[in-house]
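To start, the structure itself, in structure tokens.
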Amino acid sequence: MPAQLKHINASASLTDEALLLDFKKHNDQQLLAQLYLRYTDLVYGVCMKYLKDAEAAKDAVMDIYQELLTKLPAHEVDNFKSWLYVVAKNHCLMQLRKDKKMVTVEFTPTVMQSEDFTHLDSVLEKESELKKLEFCIEHLPDEQRQSIRLFYLENKCYNEIVEQTGYEWNKVRSLIQNGRRNLKICMEKNG
């Protein structure tokens, strides 16, 4: 087996933290690429949510990878998946801002409503959405529910889910994709 494939196979079983540490230590782009590939579905989903265009989302996924090459060495990252989500979201917001050439307006606190009630509506709305989401998760088939909980709520990568459940890697991927689709359908139906 070529050395490069041995390197990839050996790093496939590493945790996000271990891959990140090795990337920072050796500046090996293959390690970063492997880590990033675990979350391209997440990044693409975030980009689609904000950009609402498949081609723009695909471009953003590639741009975000390039951003990581410069941002990761300069940042202390405890949870790569969460950090990547924020990077992707910020990239998309900056892209939208740049595309619309938005005018920035200075914030004036005196224009705001009473501080006590300003965000109450959004908090209540978010709580309602979370209750619907929990309801929908509970109504997923067992394997999908388990995989969705491990991936999204416990921040496990595919390989960790494979280890914990005994499912094959492709089955885990399929369960998460189908679970995500079923959650979306349930949320829309119960919206």
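Each chain in the structure tokens gets a letter, A, B and so on, in the order shown; residues start at 1 in every chain, and ligands are counted from 1 in the order they appear.
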Inset, instruction - Give me the residues within 7 Å of range 45-50 of chain A as a ChimeraX atom specification, counting only C-alpha atoms and dropping any in the same chain fewer than 5 places off. - result: /A:57,60,88-89,92
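Residues in contact with range 72-84 of chain A at up to 7 Å, not including ones fewer than 3 positions away on its chain and judged by only C-alpha atoms, are Asp16, Lys24, Leu68, Leu69, Val87 and Ala88 of chain A.
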Please write the residues from the selection above to a file, keeping C-alpha atoms, as a PDB file, in the first residue's frame.
```pdb
ATOM      1  CA  ASP A  16     -11.329  15.643  15.308  1.00  0.00           C
ATOM      2  CA  LYS A  24      -1.225  22.307  13.495  1.00  0.00           C
ATOM      3  CA  LEU A  68      -9.274  27.342   7.303  1.00  0.00           C
ATOM      4  CA  LEU A  69      -5.696  27.117   6.029  1.00  0.00           C
ATOM      5  CA  VAL A  87     -16.883  30.149  10.364  1.00  0.00           C
ATOM      6  CA  ALA A  88     -19.274  28.947   7.628  1.00  0.00           C
TER       7      ALA A  88
END
```
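Put simply, CA of Phe135 in chain A is 24.0 Å away from CA of Tyr158 in chain A.
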Inset, instruction - Determine which residues of chain A DSSP labels as alpha helix (DSSP H) from the backbone of this structure, then write them out as number ranges by chain. - result: A: 3-12, 16-26, 29-37, 40-51, 54-74, 80-100, 120-138, 142-148, 158-165, 169-189
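Considering the residues A:Glu127, A:Glu143, A:Glu138, A:Glu160 and counting only C-alpha atoms, Leu175 in chain A has its shortest atom-to-atom contact with A:Glu143.
Interatomic distance, CA of Ala18 in chain A against CA of Lys71 in chain A: 17.6 Å.
Residue nearest Pro141 in chain A within the list A:Lys156, A:Arg173, A:Arg180, A:Lys25: A:Arg180 [criterion: smallest interatomic distance, only C-alpha atoms].
Nearest to Gly166 in chain A of all the residues A:Met187, A:Gln146, A:Tyr152, A:Asp22 is A:Gln146, based on only C-alpha atoms.
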Inset, instruction - Would you work out the distance separating CA of Cys136 in chain A from CA of Leu183 in chain A, expressed in Å to one decimal? - result: 5.9 Å
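Candidate residues A:Tyr85, A:Asp28, A:Leu14, A:Val162 were compared for distance to Val43 in chain A, and the nearest is A:Tyr85, using only C-alpha atoms.
The smallest atom-to-atom distance between Asp59 in chain A and any of A:His139, A:Lys189, A:His91, A:Arg38, using only C-alpha atoms, is found for A:His91.
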